[in-house]
Amino acid sequence: MSSTADVAAARATKARGSGRRSGITMKVVSTVLGAVGTVLAASFVIFVALSFAPGDPVAQLLGSKATDEARAATSAKLGLDDPLLVRYWDWLSAALHGDFGTSFTYRTDVIELIKPRLETTFLLVAMAAVLMLVVGIGLGTIGGVSRRWRPVVSALAGLGISIPTFVAASVLISVFAVQLGWFPTFGAGEGLADQVEHLVLPAVALSISYGAYVTQLSSAAVRDEAGKEYVMTSRGRGIPSRRILRRHVLRNAALPVMTASGLAIAGLVAGAVVVEQAFAIDGIGSLLISSISNKDYPIVIAVSLVIVVVFVVVTTIIDVAQVLLDPRQRGDR
Amino acid sequence: MSAIALDNTTTPAGARRSKDKLLVVSGAVCLLVALVAVFGTVLAPHPPDQTDVLNASLGPSADHWFGTDGLGRDIISRAMAGARVSFAGAGFIVLGSAFLGTTLAIFAAWNGGWVDRNINRVLNVMFAVPGILVAVLASAIFGAGFWAPVIALTIVYVPFYARVVRSSAVRECKMPYIEGLELAGVSSWRICTRHVLRNVSPIALAQATIAFGSALVDFAAVSFLGLGVQPPQAEWGLMVADGRSEILSGAPQQSLVAGACIVVTVVAFNVLGDRLSSRIGADR
């Protein structure tokens, strides 16, 4: 009697356990599928929208003096006579094999143009992200814990979030590059050390407003957590506040901070477009802007897609990490 | 990307009053900048487009309070004239996206079910595309100018309202009085416009105030990139870009003045929006 009950209970537990696990898997799978769908939808919209953009790729490739036969041949080779959906399909299947077509202005493979610039942009975003996270989370924690520093931190963050990257760039160039001469004014530099030196000011400019955003959110998260009842109880029991802070408050506040940081990193990627232009850095952002002016649409589409992919990958990682780290999000319903 | 109010936990009465002072001050600054935007071209001490190459890149003086730019144009006059374009850009973006976002949110909340779910899905996809990229691509398609970034950013800002307004509209639609109105035979249109909209509009207003700051920055950023308003038009983002060459020759006035205009305006609107939304939070 009791043994059958045990077996039934064990079976029930097992079923529930696997159900929970499959719940997590389902959530992760659907998040990832949603991300893939988002990228596909974005690629379709960008491709179709840019096919309506002004400009004549054939004239751009051949010049205005080309014969009609040559024009027709090039047009057919580029597939410009095909219906829009066919062209999108051709582009997509080529893109999935890493072929984003040929640039109209540089006359080389788009992917070869993007690769070295992507490294520069990556270094810039990485440096800005480190700055943003260290300063943002650091200041945020101070503002969340210390009552005395809270107004200072909150004022700093409120100011920082309102400084556009291109304004910060102008001020930094004026003060630290022109007046003081500590850093180079423009360009990305050669070799890693030189590159890092060139990218210090751009990284600072890029990290200010998102750093302020991270500061605000982490300060709020820490303060909310520190105001909870268990903190007061633990303090009443004589546990040193430093230990409460490290063991409980910061750990529990980490999740919202992580989410905010992820979103901010995604924002840095988009912000890099402006910063690269401001500091004349040869990354994918400035490539995007110059290609728009040159009506070089294969590059425009490819770079836009790279930015969207990075954006979506970062936000998806946050979503998945949240599901994995936060028991409340695992859907035990 | 916004500075959303998060401090409403433990504020003593004294601090509350001092923060209301913040509301008044930020509101006054917003109003002042708005007045400059409307009357700036009349109030400007010099004609904003008058060039004077002999007096180019001057420092501050009695005649030119903030100096002159590379073509000898008076910087403060151009900043005052530029306020109009920057304000108009941000204003159109905020009004358009507030209208679309609020309509969409109430429509989703009222219908519920799969309509709501699908609208949510589309909004999530829209959140996944960075706004500045959309604005830049719009300039590629429609040509650089005032309207391409305005239209693009209007669409980009829709989810920003729709999310917040939707959650409060859902709460509103579940209220017993709504059911009462429905039973009394009042039409859905009338309930939505007369009651739901009226009750969610304070939240939409607070969101709009916060959005104004980021819309101003994004619009100016597109001009800075050379894909928005074109020279010789005076606009803040354009002035920052235009001043870059003068920075290198040690005359950073133009970029700094235009940049300061942007920062002050954005701070004022952020603080105002912040105070408004925490007031609404306190009322509820």
# chains A, B, ... in the order shown; residues from 1 in each chain; ligands from 1
$ interface_residues --of "chain A" --to "chain B" --cutoff "8 Å" --atoms "only C-alpha atoms" --output "PyMOL selection string"
chain A and resi 38+42+49-50+52-54+158-159+161-164+166-167+170-171+173-174+178-179+210+213+216+220+224+267+270-271+274+277-278+289+292-293+295+304+308+311-312+315
$ select_by_dssp --residues "stretch 91-226 of chain A" --states "alpha helix (DSSP H)" --output "PDB file with N, CA and C atoms, in the first residue's frame"
ATOM      1  N   TRP A  91      19.580  36.845 -52.830  1.00  0.00           N
ATOM      2  CA  TRP A  91      20.479  37.541 -51.915  1.00  0.00           C
ATOM      3  C   TRP A  91      20.612  36.782 -50.600  1.00  0.00           C
ATOM      4  N   LEU A  92      19.441  36.296 -50.080  1.00  0.00           N
ATOM      5  CA  LEU A  92      19.444  35.619 -48.781  1.00  0.00           C
ATOM      6  C   LEU A  92      20.258  34.343 -48.847  1.00  0.00           C
ATOM      7  N   SER A  93      20.055  33.548 -49.920  1.00  0.00           N
ATOM      8  CA  SER A  93      20.779  32.280 -49.971  1.00  0.00           C
ATOM      9  C   SER A  93      22.271  32.538 -50.149  1.00  0.00           C
ATOM     10  N   ALA A  94      22.645  33.567 -50.884  1.00  0.00           N
ATOM     11  CA  ALA A  94      24.067  33.906 -50.993  1.00  0.00           C
ATOM     12  C   ALA A  94      24.599  34.394 -49.655  1.00  0.00           C
ATOM     13  N   ALA A  95      23.799  35.234 -48.972  1.00  0.00           N
ATOM     14  CA  ALA A  95      24.246  35.803 -47.695  1.00  0.00           C
ATOM     15  C   ALA A  95      24.468  34.713 -46.662  1.00  0.00           C
ATOM     16  N   LEU A  96      23.610  33.688 -46.687  1.00  0.00           N
ATOM     17  CA  LEU A  96      23.772  32.607 -45.730  1.00  0.00           C
ATOM     18  C   LEU A  96      25.072  31.849 -45.969  1.00  0.00           C
ATOM     19  N   VAL A 110      31.882  42.601 -50.596  1.00  0.00           N
ATOM     20  CA  VAL A 110      31.430  43.364 -49.435  1.00  0.00           C
ATOM     21  C   VAL A 110      32.003  42.782 -48.153  1.00  0.00           C
ATOM     22  N   ILE A 111      32.050  41.452 -48.101  1.00  0.00           N
ATOM     23  CA  ILE A 111      32.478  40.806 -46.852  1.00  0.00           C
ATOM     24  C   ILE A 111      33.934  41.154 -46.542  1.00  0.00           C
ATOM     25  N   GLU A 112      34.767  41.299 -47.609  1.00  0.00           N
ATOM     26  CA  GLU A 112      36.173  41.665 -47.390  1.00  0.00           C
ATOM     27  C   GLU A 112      36.291  43.100 -46.872  1.00  0.00           C
ATOM     28  N   LEU A 113      35.340  43.960 -47.256  1.00  0.00           N
ATOM     29  CA  LEU A 113      35.355  45.337 -46.776  1.00  0.00           C
ATOM     30  C   LEU A 113      34.924  45.407 -45.312  1.00  0.00           C
ATOM     31  N   ILE A 114      33.979  44.528 -44.971  1.00  0.00           N
ATOM     32  CA  ILE A 114      33.407  44.605 -43.631  1.00  0.00           C
ATOM     33  C   ILE A 114      34.355  44.031 -42.576  1.00  0.00           C
ATOM     34  N   LYS A 115      35.005  42.922 -42.906  1.00  0.00           N
ATOM     35  CA  LYS A 115      35.783  42.175 -41.898  1.00  0.00           C
ATOM     36  C   LYS A 115      36.766  43.029 -41.094  1.00  0.00           C
ATOM     37  N   PRO A 116      37.726  43.712 -41.757  1.00  0.00           N
ATOM     38  CA  PRO A 116      38.698  44.476 -40.943  1.00  0.00           C
ATOM     39  C   PRO A 116      38.028  45.603 -40.155  1.00  0.00           C
ATOM     40  N   ARG A 117      36.978  46.203 -40.735  1.00  0.00           N
ATOM     41  CA  ARG A 117      36.301  47.302 -40.038  1.00  0.00           C
ATOM     42  C   ARG A 117      35.515  46.794 -38.852  1.00  0.00           C
ATOM     43  N   LEU A 118      35.019  45.563 -38.981  1.00  0.00           N
ATOM     44  CA  LEU A 118      34.267  44.968 -37.877  1.00  0.00           C
ATOM     45  C   LEU A 118      35.168  44.790 -36.661  1.00  0.00           C
ATOM     46  N   GLU A 119      36.447  44.451 -36.921  1.00  0.00           N
ATOM     47  CA  GLU A 119      37.388  44.296 -35.809  1.00  0.00           C
ATOM     48  C   GLU A 119      37.570  45.612 -35.070  1.00  0.00           C
ATOM     49  N   THR A 120      37.723  46.694 -35.833  1.00  0.00           N
ATOM     50  CA  THR A 120      37.878  48.017 -35.220  1.00  0.00           C
ATOM     51  C   THR A 120      36.649  48.355 -34.375  1.00  0.00           C
ATOM     52  N   THR A 121      35.473  48.171 -34.973  1.00  0.00           N
ATOM     53  CA  THR A 121      34.244  48.493 -34.248  1.00  0.00           C
ATOM     54  C   THR A 121      34.115  47.632 -33.004  1.00  0.00           C
ATOM     55  N   PHE A 122      34.508  46.355 -33.141  1.00  0.00           N
ATOM     56  CA  PHE A 122      34.407  45.461 -31.992  1.00  0.00           C
ATOM     57  C   PHE A 122      35.295  45.946 -30.844  1.00  0.00           C
ATOM     58  N   LEU A 123      36.515  46.344 -31.190  1.00  0.00           N
ATOM     59  CA  LEU A 123      37.430  46.837 -30.151  1.00  0.00           C
ATOM     60  C   LEU A 123      36.844  48.075 -29.482  1.00  0.00           C
ATOM     61  N   LEU A 124      36.297  48.991 -30.291  1.00  0.00           N
ATOM     62  CA  LEU A 124      35.693  50.216 -29.751  1.00  0.00           C
ATOM     63  C   LEU A 124      34.546  49.872 -28.793  1.00  0.00           C
ATOM     64  N   VAL A 125      33.635  48.996 -29.247  1.00  0.00           N
ATOM     65  CA  VAL A 125      32.484  48.653 -28.417  1.00  0.00           C
ATOM     66  C   VAL A 125      32.934  47.924 -27.152  1.00  0.00           C
ATOM     67  N   ALA A 126      33.935  47.057 -27.289  1.00  0.00           N
ATOM     68  CA  ALA A 126      34.411  46.319 -26.120  1.00  0.00           C
ATOM     69  C   ALA A 126      34.999  47.275 -25.084  1.00  0.00           C
ATOM     70  N   MET A 127      35.823  48.227 -25.537  1.00  0.00           N
ATOM     71  CA  MET A 127      36.408  49.184 -24.593  1.00  0.00           C
ATOM     72  C   MET A 127      35.315  50.018 -23.928  1.00  0.00           C
ATOM     73  N   ALA A 128      34.345  50.461 -24.742  1.00  0.00           N
ATOM     74  CA  ALA A 128      33.254  51.260 -24.176  1.00  0.00           C
ATOM     75  C   ALA A 128      32.442  50.432 -23.188  1.00  0.00           C
ATOM     76  N   ALA A 129      32.241  49.154 -23.501  1.00  0.00           N
ATOM     77  CA  ALA A 129      31.438  48.302 -22.619  1.00  0.00           C
ATOM     78  C   ALA A 129      32.124  48.122 -21.272  1.00  0.00           C
ATOM     79  N   VAL A 130      33.457  47.905 -21.302  1.00  0.00           N
ATOM     80  CA  VAL A 130      34.184  47.736 -20.039  1.00  0.00           C
ATOM     81  C   VAL A 130      34.062  49.007 -19.190  1.00  0.00           C
ATOM     82  N   LEU A 131      34.323  50.150 -19.835  1.00  0.00           N
ATOM     83  CA  LEU A 131      34.199  51.427 -19.128  1.00  0.00           C
ATOM     84  C   LEU A 131      32.802  51.597 -18.526  1.00  0.00           C
ATOM     85  N   MET A 132      31.806  51.352 -19.391  1.00  0.00           N
ATOM     86  CA  MET A 132      30.413  51.552 -18.996  1.00  0.00           C
ATOM     87  C   MET A 132      30.050  50.668 -17.809  1.00  0.00           C
ATOM     88  N   LEU A 133      30.475  49.383 -17.864  1.00  0.00           N
ATOM     89  CA  LEU A 133      30.074  48.464 -16.805  1.00  0.00           C
ATOM     90  C   LEU A 133      30.794  48.781 -15.502  1.00  0.00           C
ATOM     91  N   VAL A 134      32.114  49.034 -15.585  1.00  0.00           N
ATOM     92  CA  VAL A 134      32.873  49.293 -14.357  1.00  0.00           C
ATOM     93  C   VAL A 134      32.361  50.565 -13.676  1.00  0.00           C
ATOM     94  N   VAL A 135      32.309  51.651 -14.453  1.00  0.00           N
ATOM     95  CA  VAL A 135      31.897  52.918 -13.858  1.00  0.00           C
ATOM     96  C   VAL A 135      30.407  52.887 -13.497  1.00  0.00           C
ATOM     97  N   GLY A 136      29.587  52.367 -14.405  1.00  0.00           N
ATOM     98  CA  GLY A 136      28.137  52.370 -14.188  1.00  0.00           C
ATOM     99  C   GLY A 136      27.726  51.542 -12.992  1.00  0.00           C
ATOM    100  N   ILE A 137      28.195  50.298 -12.936  1.00  0.00           N
ATOM    101  CA  ILE A 137      27.795  49.435 -11.826  1.00  0.00           C
ATOM    102  C   ILE A 137      28.441  49.920 -10.531  1.00  0.00           C
ATOM    103  N   GLY A 138      29.696  50.385 -10.621  1.00  0.00           N
ATOM    104  CA  GLY A 138      30.368  50.904  -9.434  1.00  0.00           C
ATOM    105  C   GLY A 138      29.621  52.075  -8.827  1.00  0.00           C
ATOM    106  N   LEU A 139      29.378  53.092  -9.653  1.00  0.00           N
ATOM    107  CA  LEU A 139      28.656  54.276  -9.162  1.00  0.00           C
ATOM    108  C   LEU A 139      27.255  53.898  -8.691  1.00  0.00           C
ATOM    109  N   GLY A 140      26.612  53.008  -9.457  1.00  0.00           N
ATOM    110  CA  GLY A 140      25.252  52.607  -9.114  1.00  0.00           C
ATOM    111  C   GLY A 140      25.194  51.943  -7.756  1.00  0.00           C
ATOM    112  N   THR A 141      26.177  51.095  -7.467  1.00  0.00           N
ATOM    113  CA  THR A 141      26.198  50.426  -6.168  1.00  0.00           C
ATOM    114  C   THR A 141      26.409  51.438  -5.047  1.00  0.00           C
ATOM    115  N   ILE A 142      27.342  52.366  -5.270  1.00  0.00           N
ATOM    116  CA  ILE A 142      27.567  53.404  -4.251  1.00  0.00           C
ATOM    117  C   ILE A 142      26.276  54.184  -4.015  1.00  0.00           C
ATOM    118  N   GLY A 143      25.625  54.589  -5.109  1.00  0.00           N
ATOM    119  CA  GLY A 143      24.392  55.359  -4.977  1.00  0.00           C
ATOM    120  C   GLY A 143      23.277  54.557  -4.334  1.00  0.00           C
ATOM    121  N   GLY A 144      23.280  53.246  -4.563  1.00  0.00           N
ATOM    122  CA  GLY A 144      22.221  52.421  -3.987  1.00  0.00           C
ATOM    123  C   GLY A 144      22.427  52.167  -2.516  1.00  0.00           C
ATOM    124  N   VAL A 145      23.689  52.080  -2.084  1.00  0.00           N
ATOM    125  CA  VAL A 145      23.973  51.720  -0.698  1.00  0.00           C
ATOM    126  C   VAL A 145      24.069  52.951   0.202  1.00  0.00           C
ATOM    127  N   ARG A 150      23.904  59.250  -2.593  1.00  0.00           N
ATOM    128  CA  ARG A 150      22.804  59.010  -3.526  1.00  0.00           C
ATOM    129  C   ARG A 150      22.451  60.228  -4.389  1.00  0.00           C
ATOM    130  N   PRO A 151      22.292  61.423  -3.777  1.00  0.00           N
ATOM    131  CA  PRO A 151      21.932  62.579  -4.617  1.00  0.00           C
ATOM    132  C   PRO A 151      23.005  62.917  -5.646  1.00  0.00           C
ATOM    133  N   VAL A 152      24.289  62.756  -5.244  1.00  0.00           N
ATOM    134  CA  VAL A 152      25.384  63.055  -6.171  1.00  0.00           C
ATOM    135  C   VAL A 152      25.332  62.099  -7.357  1.00  0.00           C
ATOM    136  N   VAL A 153      25.204  60.804  -7.032  1.00  0.00           N
ATOM    137  CA  VAL A 153      25.176  59.798  -8.093  1.00  0.00           C
ATOM    138  C   VAL A 153      23.983  60.025  -9.010  1.00  0.00           C
ATOM    139  N   SER A 154      22.834  60.321  -8.389  1.00  0.00           N
ATOM    140  CA  SER A 154      21.643  60.465  -9.212  1.00  0.00           C
ATOM    141  C   SER A 154      21.725  61.711 -10.095  1.00  0.00           C
ATOM    142  N   ALA A 155      22.351  62.787  -9.581  1.00  0.00           N
ATOM    143  CA  ALA A 155      22.526  63.981 -10.416  1.00  0.00           C
ATOM    144  C   ALA A 155      23.494  63.711 -11.558  1.00  0.00           C
ATOM    145  N   LEU A 156      24.608  63.026 -11.238  1.00  0.00           N
ATOM    146  CA  LEU A 156      25.593  62.688 -12.267  1.00  0.00           C
ATOM    147  C   LEU A 156      24.963  61.842 -13.365  1.00  0.00           C
ATOM    148  N   ALA A 157      24.184  60.846 -12.939  1.00  0.00           N
ATOM    149  CA  ALA A 157      23.565  59.947 -13.915  1.00  0.00           C
ATOM    150  C   ALA A 157      22.542  60.698 -14.762  1.00  0.00           C
ATOM    151  N   GLY A 158      21.786  61.584 -14.102  1.00  0.00           N
ATOM    152  CA  GLY A 158      20.792  62.356 -14.847  1.00  0.00           C
ATOM    153  C   GLY A 158      21.430  63.255 -15.888  1.00  0.00           C
ATOM    154  N   LEU A 159      22.594  63.806 -15.533  1.00  0.00           N
ATOM    155  CA  LEU A 159      23.312  64.642 -16.500  1.00  0.00           C
ATOM    156  C   LEU A 159      23.902  63.768 -17.608  1.00  0.00           C
ATOM    157  N   GLY A 160      24.536  62.675 -17.198  1.00  0.00           N
ATOM    158  CA  GLY A 160      25.232  61.821 -18.165  1.00  0.00           C
ATOM    159  C   GLY A 160      24.301  61.254 -19.215  1.00  0.00           C
ATOM    160  N   THR A 165      26.273  61.280 -27.642  1.00  0.00           N
ATOM    161  CA  THR A 165      27.639  60.851 -27.926  1.00  0.00           C
ATOM    162  C   THR A 165      28.383  61.866 -28.778  1.00  0.00           C
ATOM    163  N   PHE A 166      27.684  62.505 -29.743  1.00  0.00           N
ATOM    164  CA  PHE A 166      28.426  63.399 -30.634  1.00  0.00           C
ATOM    165  C   PHE A 166      28.798  64.701 -29.940  1.00  0.00           C
ATOM    166  N   VAL A 167      28.034  65.098 -28.920  1.00  0.00           N
ATOM    167  CA  VAL A 167      28.414  66.277 -28.135  1.00  0.00           C
ATOM    168  C   VAL A 167      29.614  65.932 -27.252  1.00  0.00           C
ATOM    169  N   ALA A 168      29.525  64.759 -26.602  1.00  0.00           N
ATOM    170  CA  ALA A 168      30.644  64.307 -25.778  1.00  0.00           C
ATOM    171  C   ALA A 168      31.911  64.218 -26.621  1.00  0.00           C
ATOM    172  N   ALA A 169      31.769  63.706 -27.839  1.00  0.00           N
ATOM    173  CA  ALA A 169      32.932  63.566 -28.722  1.00  0.00           C
ATOM    174  C   ALA A 169      33.575  64.919 -28.992  1.00  0.00           C
ATOM    175  N   SER A 170      32.746  65.928 -29.290  1.00  0.00           N
ATOM    176  CA  SER A 170      33.300  67.244 -29.596  1.00  0.00           C
ATOM    177  C   SER A 170      34.038  67.823 -28.394  1.00  0.00           C
ATOM    178  N   VAL A 171      33.443  67.690 -27.219  1.00  0.00           N
ATOM    179  CA  VAL A 171      34.069  68.232 -26.011  1.00  0.00           C
ATOM    180  C   VAL A 171      35.380  67.507 -25.733  1.00  0.00           C
ATOM    181  N   LEU A 172      35.369  66.172 -25.830  1.00  0.00           N
ATOM    182  CA  LEU A 172      36.575  65.395 -25.542  1.00  0.00           C
ATOM    183  C   LEU A 172      37.692  65.730 -26.521  1.00  0.00           C
ATOM    184  N   LEU A 192      47.793  47.008 -32.129  1.00  0.00           N
ATOM    185  CA  LEU A 192      46.843  47.001 -31.020  1.00  0.00           C
ATOM    186  C   LEU A 192      47.038  48.166 -30.055  1.00  0.00           C
ATOM    187  N   ALA A 193      48.303  48.398 -29.616  1.00  0.00           N
ATOM    188  CA  ALA A 193      48.539  49.440 -28.608  1.00  0.00           C
ATOM    189  C   ALA A 193      48.128  50.803 -29.148  1.00  0.00           C
ATOM    190  N   ASP A 194      48.532  51.083 -30.391  1.00  0.00           N
ATOM    191  CA  ASP A 194      48.196  52.359 -31.015  1.00  0.00           C
ATOM    192  C   ASP A 194      46.682  52.489 -31.183  1.00  0.00           C
ATOM    193  N   GLN A 195      46.055  51.366 -31.573  1.00  0.00           N
ATOM    194  CA  GLN A 195      44.600  51.374 -31.740  1.00  0.00           C
ATOM    195  C   GLN A 195      43.901  51.695 -30.433  1.00  0.00           C
ATOM    196  N   VAL A 196      44.350  51.040 -29.358  1.00  0.00           N
ATOM    197  CA  VAL A 196      43.736  51.282 -28.058  1.00  0.00           C
ATOM    198  C   VAL A 196      43.876  52.751 -27.682  1.00  0.00           C
ATOM    199  N   GLU A 197      45.071  53.331 -27.938  1.00  0.00           N
ATOM    200  CA  GLU A 197      45.280  54.734 -27.617  1.00  0.00           C
ATOM    201  C   GLU A 197      44.338  55.630 -28.424  1.00  0.00           C
ATOM    202  N   HIS A 198      44.163  55.289 -29.707  1.00  0.00           N
ATOM    203  CA  HIS A 198      43.266  56.071 -30.547  1.00  0.00           C
ATOM    204  C   HIS A 198      41.816  55.939 -30.113  1.00  0.00           C
ATOM    205  N   LEU A 199      41.498  54.803 -29.508  1.00  0.00           N
ATOM    206  CA  LEU A 199      40.083  54.538 -29.219  1.00  0.00           C
ATOM    207  C   LEU A 199      39.668  54.936 -27.803  1.00  0.00           C
ATOM    208  N   VAL A 200      40.608  55.475 -27.006  1.00  0.00           N
ATOM    209  CA  VAL A 200      40.238  55.837 -25.633  1.00  0.00           C
ATOM    210  C   VAL A 200      39.144  56.898 -25.626  1.00  0.00           C
ATOM    211  N   LEU A 201      39.385  58.017 -26.304  1.00  0.00           N
ATOM    212  CA  LEU A 201      38.377  59.088 -26.307  1.00  0.00           C
ATOM    213  C   LEU A 201      37.057  58.636 -26.934  1.00  0.00           C
ATOM    214  N   PRO A 202      37.087  57.958 -28.090  1.00  0.00           N
ATOM    215  CA  PRO A 202      35.814  57.471 -28.633  1.00  0.00           C
ATOM    216  C   PRO A 202      35.071  56.562 -27.662  1.00  0.00           C
ATOM    217  N   ALA A 203      35.810  55.676 -26.981  1.00  0.00           N
ATOM    218  CA  ALA A 203      35.147  54.757 -26.053  1.00  0.00           C
ATOM    219  C   ALA A 203      34.506  55.527 -24.903  1.00  0.00           C
ATOM    220  N   VAL A 204      35.218  56.569 -24.415  1.00  0.00           N
ATOM    221  CA  VAL A 204      34.639  57.379 -23.337  1.00  0.00           C
ATOM    222  C   VAL A 204      33.367  58.062 -23.828  1.00  0.00           C
ATOM    223  N   ALA A 205      33.439  58.675 -25.025  1.00  0.00           N
ATOM    224  CA  ALA A 205      32.276  59.376 -25.567  1.00  0.00           C
ATOM    225  C   ALA A 205      31.091  58.424 -25.708  1.00  0.00           C
ATOM    226  N   LEU A 206      31.393  57.210 -26.186  1.00  0.00           N
ATOM    227  CA  LEU A 206      30.333  56.231 -26.424  1.00  0.00           C
ATOM    228  C   LEU A 206      29.721  55.733 -25.127  1.00  0.00           C
ATOM    229  N   SER A 207      30.555  55.652 -24.067  1.00  0.00           N
ATOM    230  CA  SER A 207      30.064  54.996 -22.856  1.00  0.00           C
ATOM    231  C   SER A 207      29.305  55.933 -21.915  1.00  0.00           C
ATOM    232  N   ILE A 208      29.391  57.249 -22.136  1.00  0.00           N
ATOM    233  CA  ILE A 208      28.822  58.173 -21.139  1.00  0.00           C
ATOM    234  C   ILE A 208      27.324  57.967 -20.942  1.00  0.00           C
ATOM    235  N   SER A 209      26.525  58.067 -22.018  1.00  0.00           N
ATOM    236  CA  SER A 209      25.083  58.064 -21.772  1.00  0.00           C
ATOM    237  C   SER A 209      24.593  56.675 -21.358  1.00  0.00           C
ATOM    238  N   TYR A 210      25.164  55.605 -21.956  1.00  0.00           N
ATOM    239  CA  TYR A 210      24.734  54.271 -21.522  1.00  0.00           C
ATOM    240  C   TYR A 210      25.283  53.929 -20.143  1.00  0.00           C
ATOM    241  N   GLY A 211      26.476  54.473 -19.817  1.00  0.00           N
ATOM    242  CA  GLY A 211      27.000  54.274 -18.471  1.00  0.00           C
ATOM    243  C   GLY A 211      26.077  54.900 -17.435  1.00  0.00           C
ATOM    244  N   ALA A 212      25.536  56.079 -17.778  1.00  0.00           N
ATOM    245  CA  ALA A 212      24.609  56.751 -16.872  1.00  0.00           C
ATOM    246  C   ALA A 212      23.327  55.935 -16.712  1.00  0.00           C
ATOM    247  N   TYR A 213      22.906  55.325 -17.816  1.00  0.00           N
ATOM    248  CA  TYR A 213      21.714  54.480 -17.773  1.00  0.00           C
ATOM    249  C   TYR A 213      21.934  53.275 -16.861  1.00  0.00           C
ATOM    250  N   VAL A 214      23.109  52.639 -17.008  1.00  0.00           N
ATOM    251  CA  VAL A 214      23.434  51.496 -16.140  1.00  0.00           C
ATOM    252  C   VAL A 214      23.521  51.961 -14.691  1.00  0.00           C
ATOM    253  N   THR A 215      24.101  53.153 -14.460  1.00  0.00           N
ATOM    254  CA  THR A 215      24.191  53.679 -13.100  1.00  0.00           C
ATOM    255  C   THR A 215      22.801  53.817 -12.488  1.00  0.00           C
ATOM    256  N   GLN A 216      21.889  54.450 -13.237  1.00  0.00           N
ATOM    257  CA  GLN A 216      20.535  54.657 -12.713  1.00  0.00           C
ATOM    258  C   GLN A 216      19.878  53.339 -12.352  1.00  0.00           C
ATOM    259  N   LEU A 217      19.958  52.372 -13.286  1.00  0.00           N
ATOM    260  CA  LEU A 217      19.240  51.130 -13.041  1.00  0.00           C
ATOM    261  C   LEU A 217      19.871  50.309 -11.938  1.00  0.00           C
ATOM    262  N   SER A 218      21.221  50.289 -11.881  1.00  0.00           N
ATOM    263  CA  SER A 218      21.818  49.462 -10.836  1.00  0.00           C
ATOM    264  C   SER A 218      21.638  50.131  -9.479  1.00  0.00           C
ATOM    265  N   SER A 219      21.673  51.458  -9.452  1.00  0.00           N
ATOM    266  CA  SER A 219      21.425  52.149  -8.186  1.00  0.00           C
ATOM    267  C   SER A 219      20.023  51.827  -7.674  1.00  0.00           C
ATOM    268  N   ALA A 220      19.033  51.862  -8.575  1.00  0.00           N
ATOM    269  CA  ALA A 220      17.666  51.556  -8.163  1.00  0.00           C
ATOM    270  C   ALA A 220      17.539  50.105  -7.702  1.00  0.00           C
ATOM    271  N   ALA A 221      18.218  49.200  -8.423  1.00  0.00           N
ATOM    272  CA  ALA A 221      18.115  47.783  -8.079  1.00  0.00           C
ATOM    273  C   ALA A 221      18.705  47.516  -6.701  1.00  0.00           C
ATOM    274  N   VAL A 222      19.894  48.099  -6.447  1.00  0.00           N
ATOM    275  CA  VAL A 222      20.546  47.885  -5.152  1.00  0.00           C
ATOM    276  C   VAL A 222      19.707  48.496  -4.024  1.00  0.00           C
ATOM    277  N   ARG A 223      19.166  49.701  -4.293  1.00  0.00           N
ATOM    278  CA  ARG A 223      18.382  50.356  -3.247  1.00  0.00           C
ATOM    279  C   ARG A 223      17.116  49.578  -2.924  1.00  0.00           C
ATOM    280  N   ASP A 224      16.441  49.096  -3.966  1.00  0.00           N
ATOM    281  CA  ASP A 224      15.229  48.293  -3.748  1.00  0.00           C
ATOM    282  C   ASP A 224      15.547  47.068  -2.903  1.00  0.00           C
ATOM    283  N   GLU A 225      16.668  46.421  -3.255  1.00  0.00           N
ATOM    284  CA  GLU A 225      17.018  45.183  -2.565  1.00  0.00           C
ATOM    285  C   GLU A 225      17.415  45.494  -1.123  1.00  0.00           C
ATOM    286  N   ALA A 226      18.167  46.582  -0.922  1.00  0.00           N
ATOM    287  CA  ALA A 226      18.633  46.927   0.422  1.00  0.00           C
ATOM    288  C   ALA A 226      17.484  47.361   1.315  1.00  0.00           C
TER     289      ALA A 226
END
$ residues_around --residues "stretch 40-57 of chain B" --least-positions-apart "6" --cutoff "7 Å" --atoms "only C-alpha atoms" --output "number ranges by chain"
B: 67-74, 77-78, 80-81, 251
$ atom_distance --atom1 "atom CA of B:Thr154" --atom2 "atom CA of A:Ile46"
17.4 Å
$ residues_around --residues "stretch 84-91 of chain B" --least-positions-apart "5" --cutoff "8 Å" --atoms "only C-alpha atoms" --output "mmCIF file with C-alpha atoms, in the first residue's frame"
data_model
loop_
_atom_site.group_PDB
_atom_site.id
_atom_site.type_symbol
_atom_site.label_atom_id
_atom_site.label_comp_id
_atom_site.auth_asym_id
_atom_site.auth_seq_id
_atom_site.Cartn_x
_atom_site.Cartn_y
_atom_site.Cartn_z
ATOM 1 C CA ALA B 34 10.153 76.370 -26.349
ATOM 2 C CA VAL B 36 13.100 80.565 -28.041
ATOM 3 C CA ALA B 37 12.171 77.891 -30.560
ATOM 4 C CA VAL B 38 9.075 79.848 -31.567
ATOM 5 C CA GLY B 40 14.159 82.704 -31.806
ATOM 6 C CA PHE B 146 13.926 67.000 -42.374
ATOM 7 C CA VAL B 150 11.189 62.423 -38.501
ATOM 8 C CA PHE B 212 11.074 64.355 -26.258
ATOM 9 C CA GLY B 213 14.645 64.401 -24.944
ATOM 10 C CA ALA B 215 13.860 62.241 -29.879
ATOM 11 C CA LEU B 216 15.763 65.527 -29.881
ATOM 12 C CA PHE B 219 17.094 63.755 -34.617
ATOM 13 C CA ALA B 220 20.185 65.882 -33.990
ATOM 14 C CA ALA B 234 20.713 76.172 -38.622
ATOM 15 C CA GLU B 235 20.121 73.083 -36.474
ATOM 16 C CA TRP B 236 21.845 72.019 -33.261
#
